[in-house]
>>> print(open('entry00.cif').read())   # mmCIF, C-alpha atoms
data_query
loop_
_atom_site.label_atom_id
_atom_site.label_comp_id
_atom_site.auth_asym_id
_atom_site.auth_seq_id
_atom_site.Cartn_x
_atom_site.Cartn_y
_atom_site.Cartn_z
CA MET A 1 57.64 27.12 -133.02
CA ASN A 2 60.37 25.45 -130.98
CA TRP A 3 60.91 27.69 -127.96
CA ASN A 4 63.95 27.23 -125.75
CA PRO A 5 63.34 28.53 -122.21
CA ASP A 6 67.05 28.61 -121.32
CA GLN A 7 67.87 30.63 -124.43
CA TYR A 8 65.03 33.04 -123.71
CA LEU A 9 66.19 33.56 -120.12
CA LYS A 10 69.82 34.34 -121.03
CA PHE A 11 69.03 38.05 -120.74
CA VAL A 12 66.39 37.66 -118.05
CA GLU A 13 66.99 41.00 -116.33
CA ALA A 14 66.60 43.00 -119.55
CA ARG A 15 63.56 40.97 -120.58
CA GLN A 16 61.91 41.39 -117.16
CA ARG A 17 62.40 45.13 -116.86
CA PRO A 18 59.43 46.16 -119.08
CA ALA A 19 57.18 43.75 -117.18
CA LEU A 20 58.31 45.23 -113.88
CA ASP A 21 57.57 48.72 -115.20
CA LEU A 22 54.10 47.59 -116.26
CA ILE A 23 53.43 46.00 -112.86
CA ALA A 24 54.56 49.22 -111.17
CA ARG A 25 52.11 51.23 -113.29
CA LEU A 26 49.29 49.02 -112.00
CA GLY A 27 50.03 50.00 -108.40
CA GLY A 28 48.80 48.12 -105.36
CA CYS A 29 45.11 47.73 -106.20
CA CYS A 30 43.61 44.55 -104.81
CA ARG A 31 43.46 41.74 -107.38
CA LYS A 32 41.68 38.44 -106.81
CA ASN A 33 41.92 36.66 -110.15
CA LEU A 34 44.96 37.22 -112.40
CA VAL A 35 45.81 35.66 -115.73
CA ASP A 36 49.20 35.91 -117.43
CA LEU A 37 48.56 35.31 -121.15
CA GLY A 38 51.62 34.00 -122.96
CA CYS A 39 53.34 33.26 -119.66
CA GLY A 40 56.33 31.53 -121.29
CA ALA A 41 58.85 30.26 -118.75
CA GLY A 42 56.76 31.68 -115.90
CA ASN A 43 59.26 34.16 -114.49
CA ILE A 44 56.87 37.10 -114.94
CA THR A 45 53.91 35.07 -113.65
CA ARG A 46 55.81 34.47 -110.42
CA LEU A 47 56.44 38.22 -110.11
CA LEU A 48 52.69 38.77 -110.41
CA ALA A 49 52.06 36.18 -107.71
CA GLU A 50 54.58 37.90 -105.43
CA HIS A 51 53.02 41.32 -106.07
CA TRP A 52 49.48 40.04 -105.35
CA PRO A 53 50.07 37.15 -102.92
CA GLN A 54 46.36 36.71 -102.07
CA ALA A 55 45.28 36.37 -105.70
CA ARG A 56 44.50 33.27 -107.71
CA VAL A 57 47.09 33.36 -110.51
CA VAL A 58 46.83 31.48 -113.81
CA GLY A 59 49.62 31.24 -116.39
CA VAL A 60 48.57 30.37 -119.96
CA ASP A 61 50.89 29.35 -122.79
CA ASN A 62 50.75 27.07 -125.83
CA ASP A 63 54.38 25.87 -125.75
CA PRO A 64 55.03 22.62 -123.83
CA GLU A 65 58.70 23.38 -123.14
CA MET A 66 57.92 26.80 -121.72
CA LEU A 67 55.16 25.38 -119.51
CA ARG A 68 57.48 22.57 -118.38
CA LYS A 69 60.04 25.18 -117.33
CA ALA A 70 57.37 27.31 -115.64
CA SER A 71 55.98 24.43 -113.60
CA SER A 72 59.40 23.08 -112.59
CA THR A 73 59.45 25.50 -109.63
CA ALA A 74 56.87 24.76 -106.95
CA SER A 75 54.17 27.42 -106.58
CA GLN A 76 50.42 27.92 -106.20
CA ILE A 77 50.18 29.16 -109.79
CA ASP A 78 47.79 27.27 -112.06
CA TRP A 79 49.71 26.58 -115.29
CA GLN A 80 47.43 25.96 -118.26
CA ALA A 81 48.07 24.99 -121.88
CA GLY A 82 46.08 27.14 -124.27
CA ASP A 83 46.12 29.44 -127.28
CA ILE A 84 45.52 33.13 -126.64
CA ALA A 85 43.54 33.45 -129.87
CA ASP A 86 40.65 31.35 -128.52
CA TRP A 87 41.30 31.46 -124.76
CA GLN A 88 38.29 31.60 -122.45
CA PRO A 89 38.67 32.03 -118.66
CA ALA A 90 36.79 29.81 -116.23
CA VAL A 91 36.32 32.85 -113.97
CA ALA A 92 36.29 36.43 -115.27
CA PRO A 93 39.68 37.87 -114.18
CA ASP A 94 40.15 41.34 -112.76
CA LEU A 95 43.58 41.48 -114.40
CA ILE A 96 44.69 40.07 -117.73
CA PHE A 97 48.43 40.64 -118.01
CA SER A 98 50.41 39.92 -121.16
CA ASN A 99 54.12 40.60 -121.51
CA ALA A 100 55.82 40.29 -124.93
CA ALA A 101 53.30 37.83 -126.35
CA LEU A 102 50.42 39.47 -128.23
CA HIS A 103 52.62 40.71 -131.09
CA TRP A 104 52.79 37.09 -132.29
CA LEU A 105 49.04 37.14 -132.92
CA GLY A 106 47.35 38.89 -135.82
CA ASP A 107 44.05 40.76 -136.02
CA HIS A 108 44.41 42.94 -132.93
CA PRO A 109 41.21 44.84 -133.85
CA ARG A 110 39.34 41.60 -133.15
CA LEU A 111 41.57 40.13 -130.43
CA LEU A 112 41.76 43.08 -128.02
CA PRO A 113 38.01 43.81 -127.76
CA ARG A 114 37.49 40.07 -127.16
CA LEU A 115 40.03 40.12 -124.31
CA MET A 116 38.39 43.22 -122.83
CA ALA A 117 35.08 41.37 -122.85
CA GLN A 118 36.62 38.51 -120.80
CA LEU A 119 37.38 40.86 -117.89
CA ALA A 120 35.25 41.28 -114.80
CA GLU A 121 33.55 44.68 -114.57
CA GLY A 122 36.27 47.20 -113.68
CA GLY A 123 39.00 44.72 -114.62
CA VAL A 124 42.20 45.69 -116.38
CA LEU A 125 43.98 44.51 -119.51
CA ALA A 126 47.71 45.32 -119.11
CA VAL A 127 49.92 44.65 -122.12
CA GLN A 128 53.54 45.15 -123.18
CA MET A 129 54.79 44.28 -126.66
CA PRO A 130 58.06 44.84 -128.53
CA SER A 131 57.78 47.59 -131.12
CA ASN A 132 61.28 47.27 -132.53
CA PHE A 133 60.46 45.85 -135.96
CA SER A 134 61.96 48.80 -137.85
CA ALA A 135 65.30 48.49 -136.00
CA PRO A 136 68.43 47.26 -137.85
CA SER A 137 68.30 43.92 -136.00
CA HIS A 138 64.93 43.15 -137.55
CA GLN A 139 65.37 44.85 -140.91
CA ILE A 140 68.64 43.00 -141.58
CA LEU A 141 66.94 39.72 -140.69
CA ARG A 142 63.98 40.39 -142.97
CA LYS A 143 66.24 41.37 -145.87
CA LEU A 144 68.43 38.30 -145.38
CA ALA A 145 65.40 35.97 -145.32
CA ASP A 146 64.28 37.48 -148.64
CA ASP A 147 67.69 36.87 -150.23
CA TYR A 148 67.69 34.32 -153.06
CA ARG A 149 69.69 31.87 -150.89
CA TRP A 150 66.96 31.71 -148.23
CA GLN A 151 63.76 32.99 -149.77
CA GLN A 152 62.29 29.60 -150.63
CA THR A 153 62.76 28.38 -147.05
CA LEU A 154 62.39 31.55 -145.00
CA GLY A 155 60.50 34.03 -147.16
CA GLY A 156 57.25 35.26 -145.66
CA ILE A 157 57.90 34.25 -142.05
CA ALA A 158 56.12 36.58 -139.63
CA MET A 159 58.37 38.02 -136.93
CA GLY A 160 55.48 39.59 -135.06
CA LYS A 161 53.69 42.85 -135.63
CA VAL A 162 52.15 45.69 -133.65
CA LEU A 163 49.98 48.70 -134.42
CA SER A 164 51.00 52.25 -133.61
CA SER A 165 50.28 53.65 -130.16
CA ALA A 166 47.68 55.98 -131.68
CA GLU A 167 45.94 53.02 -133.30
CA TYR A 168 45.83 51.15 -129.98
CA TYR A 169 44.32 54.20 -128.31
CA ARG A 170 41.62 54.53 -130.96
CA LEU A 171 40.96 50.78 -130.94
CA LEU A 172 40.63 50.37 -127.17
CA SER A 173 39.05 53.63 -126.03
CA PRO A 174 35.43 52.63 -126.89
CA TYR A 175 35.72 49.66 -124.49
CA CYS A 176 37.41 51.45 -121.57
CA ARG A 177 36.51 53.67 -118.67
CA HIS A 178 40.22 54.47 -118.35
CA LEU A 179 43.07 53.97 -120.83
CA GLU A 180 46.79 54.69 -120.82
CA VAL A 181 49.05 54.06 -123.82
CA TRP A 182 52.78 54.78 -123.88
CA GLU A 183 56.10 53.82 -125.44
CA THR A 184 59.56 53.34 -123.95
CA ILE A 185 62.95 52.76 -125.54
CA TYR A 186 65.18 50.59 -123.34
CA TRP A 187 68.89 51.16 -123.95
CA GLN A 188 70.04 47.64 -123.17
CA ALA A 189 73.74 46.97 -122.62
CA LEU A 190 74.06 43.28 -123.45
CA SER A 191 77.13 41.30 -122.43
CA GLY A 192 78.82 38.32 -124.04
CA ASP A 193 79.87 37.24 -127.52
CA ASP A 194 77.30 37.58 -130.30
CA ALA A 195 75.00 39.40 -127.88
CA ILE A 196 72.43 40.53 -130.46
CA ILE A 197 72.24 37.10 -132.09
CA GLU A 198 71.90 35.44 -128.68
CA TRP A 199 69.07 37.83 -127.80
CA MET A 200 67.32 37.27 -131.14
CA LYS A 201 67.70 33.47 -130.86
CA GLY A 202 65.50 33.63 -127.78
CA THR A 203 62.60 35.27 -129.60
CA THR A 204 62.50 36.67 -133.13
CA LEU A 205 64.82 34.11 -134.70
CA VAL A 206 62.82 31.15 -133.36
CA PRO A 207 60.53 30.65 -136.42
CA TYR A 208 63.47 31.18 -138.81
CA LEU A 209 65.84 28.68 -137.21
CA ALA A 210 63.02 26.15 -136.84
CA ARG A 211 63.10 25.69 -140.64
CA LEU A 212 66.87 25.20 -140.94
CA ASP A 213 69.07 22.20 -140.22
CA ALA A 214 72.33 22.60 -138.29
CA HIS A 215 74.48 23.37 -141.34
CA ALA A 216 72.02 25.87 -142.79
CA THR A 217 71.61 27.51 -139.38
CA GLU A 218 75.36 28.10 -139.12
CA GLU A 219 75.48 29.54 -142.64
CA PHE A 220 72.47 31.78 -142.03
CA LEU A 221 73.77 33.11 -138.70
CA ASN A 222 77.17 33.84 -140.23
CA ALA A 223 75.44 35.90 -142.92
CA TYR A 224 73.42 37.70 -140.23
CA ARG A 225 76.42 38.32 -137.96
CA ALA A 226 78.46 40.64 -140.21
CA PRO A 227 75.88 43.41 -140.79
CA LEU A 228 74.77 43.18 -137.16
CA ALA A 229 78.33 43.90 -136.02
CA VAL A 230 78.28 47.09 -138.08
CA ALA A 231 74.88 48.20 -136.81
CA TYR A 232 75.64 47.27 -133.19
CA PRO A 233 79.40 47.47 -132.55
CA ARG A 234 80.71 45.89 -129.39
CA ALA A 235 82.22 48.45 -127.01
CA SER A 236 85.66 48.17 -125.46
CA ASP A 237 84.07 47.16 -122.13
CA GLY A 238 82.58 44.08 -123.81
CA HIS A 239 78.98 45.31 -123.88
CA THR A 240 76.81 45.77 -126.95
CA LEU A 241 74.27 48.58 -126.80
CA PHE A 242 70.90 47.39 -128.11
CA PRO A 243 68.11 50.00 -127.98
CA PHE A 244 64.72 48.33 -127.91
CA LYS A 245 61.37 50.09 -128.27
CA ARG A 246 58.28 48.73 -126.54
CA VAL A 247 54.61 49.74 -126.51
CA PHE A 248 52.40 49.50 -123.41
CA PHE A 249 48.76 49.95 -122.57
CA VAL A 250 46.64 49.64 -119.46
CA ALA A 251 42.93 49.47 -120.30
CA GLN A 252 40.24 49.33 -117.61
CA ARG A 253 36.87 47.94 -118.56
#
>>> encode(input="entry00.cif", output="structure tokens")
Amino acid sequence: MNWNPDQYLKFVEARQRPALDLIARLGGCCRKNLVDLGCGAGNITRLLAEHWPQARVVGVDNDPEMLRKASSTASQIDWQAGDIADWQPAVAPDLIFSNAALHWLGDHPRLLPRLMAQLAEGGVLAVQMPSNFSAPSHQILRKLADDYRWQQTLGGIAMGKVLSSAEYYRLLSPYCRHLEVWETIYWQALSGDDAIIEWMKGTTLVPYLARLDAHATEEFLNAYRAPLAVAYPRASDGHTLFPFKRVFFVAQR
């Protein structure tokens, strides 16, 4: 996929808030070795480094543009290219943190126990993922991609997927001495023209637009824009309210 760090960071405050909430849930316990899996542009990794300034912090991502953006600001963070699906740490971390990344990977019943096994004894796997796939923003997109005009090019693209909170609890509990699972809906007030499209272009739309040329992209976004405006009307103050559900878990080995 062709990620665009600047597009992703257009709504940086809204995108960072769930990560900040997850960091707050972890408290001030001493951490020595931290890994941010799917670190993207590195903004969350730097928050982790600020929260645990004595720790060795590693940021892992498989996108060159995101890693280039992450490493463009000087820091002591070790930026590494790698795929989460087969990632192996050089040193067993006492915190594996992943913010809005694991939903892109399939087979969580295999992936999550493997990540738990990478932790040092007593270490923590802390994860946040979007769980908004039944929202109008995503349902309209899926329906549009299945339309006869786009199906041959866009049909079958995965926009990410998560299990239910209950399924994550049942999956993780055999591997944990302590486990918390919860959900939060963030009522995001996005500013600017085409706010929902601009948000989606930073994440969910990436694999769709990667298959379209400039003309087809304009046509596709125009078709997406009209039903979005009905589902998410822009208020008189210029903001568009975009509720977004997310699932969290903190699992201690």
>>> closest_residue(input="entry00.cif", among="A:Arg31, A:Lys161, A:Lys69, A:His138", to="Trp104 in chain A", atoms="all atoms listed in the file")
A:Lys161
>>> residues_around(input="entry00.cif", residues="Ala14 in chain A", least_positions_apart="3", cutoff="7 Å", atoms="all atoms listed in the file", output="number ranges by chain")
A: 11, 17, 188
>>> write_last_selection(input="entry00.cif", atoms="C-alpha atoms", output="CSV table (one decimal), in the frame of the given file")
chain,number,residue,atom,x,y,z
A,11,PHE,CA,69.0,38.0,-120.7
A,17,ARG,CA,62.4,45.1,-116.9
A,188,GLN,CA,70.0,47.6,-123.2
>>> residues_near_point(input="entry00.cif", point="(56.0, 33.7, -126.7)", cutoff="9 Å", atoms="all atoms listed in the file", output="ChimeraX atom specification")
/A:3,38-40,61-63,66,99-104,203
>>> resolve_selection(input="entry00.cif", expression="the PyMOL selection byres ((chain A and resi 158) around 10)", output="VMD selection string")
chain A and resid 104 to 106 142 154 to 157 159 to 161 204 207 to 208
>>> write_last_selection(input="entry00.cif", atoms="C-alpha atoms", output="short mmCIF file (atom, residue, chain, number, x, y, z; two decimals), in the frame of the given file")
data_model
loop_
_atom_site.label_atom_id
_atom_site.label_comp_id
_atom_site.auth_asym_id
_atom_site.auth_seq_id
_atom_site.Cartn_x
_atom_site.Cartn_y
_atom_site.Cartn_z
CA TRP A 104 52.79 37.09 -132.29
CA LEU A 105 49.04 37.14 -132.92
CA GLY A 106 47.35 38.89 -135.82
CA ARG A 142 63.98 40.39 -142.97
CA LEU A 154 62.39 31.55 -145.00
CA GLY A 155 60.50 34.03 -147.16
CA GLY A 156 57.25 35.26 -145.66
CA ILE A 157 57.90 34.25 -142.05
CA MET A 159 58.37 38.02 -136.93
CA GLY A 160 55.48 39.59 -135.06
CA LYS A 161 53.69 42.85 -135.63
CA THR A 204 62.50 36.67 -133.13
CA PRO A 207 60.53 30.65 -136.42
CA TYR A 208 63.47 31.18 -138.81
#
>>> residues_around(input="entry00.cif", residues="Leu179 in chain A", least_positions_apart="3", cutoff="9 Å", atoms="only C-alpha atoms", output="list in words")
Tyr169, Leu172, Ser173, Cys176, Phe249, Val250, Ala251, Gln252 and Arg253 of chain A
>>> closest_residue(input="entry00.cif", among="A:Ala229, A:Glu218, A:Ser164, A:Val124", to="Arg25 in chain A", atoms="all atoms listed in the file")
A:Val124
>>> closest_residue(input="entry00.cif", among="A:Asp213, A:Asp21, A:Asp193, A:Asp146", to="Thr240 in chain A", atoms="only C-alpha atoms")
A:Asp193
>>> closest_residue(input="entry00.cif", among="A:Ala41, A:Leu190, A:Val35, A:Met129", to="Trp87 in chain A", atoms="only C-alpha atoms")
A:Val35
>>> closest_residue(input="entry00.cif", among="A:Pro89, A:Gly238, A:Gly42, A:Pro109", to="Gly192 in chain A", atoms="all atoms listed in the file")
A:Gly238
>>> atom_distance(input="entry00.cif", atom1="CA of Leu171 in chain A", atom2="CA of Leu20 in chain A")
25.0 Å
>>> resolve_selection(input="entry00.cif", expression="the PyMOL selection byres ((chain A and resi 49) around 12)", output="MDAnalysis selection string")
chainID A and resid 23 31:36 42:48 50:59 75:78 97
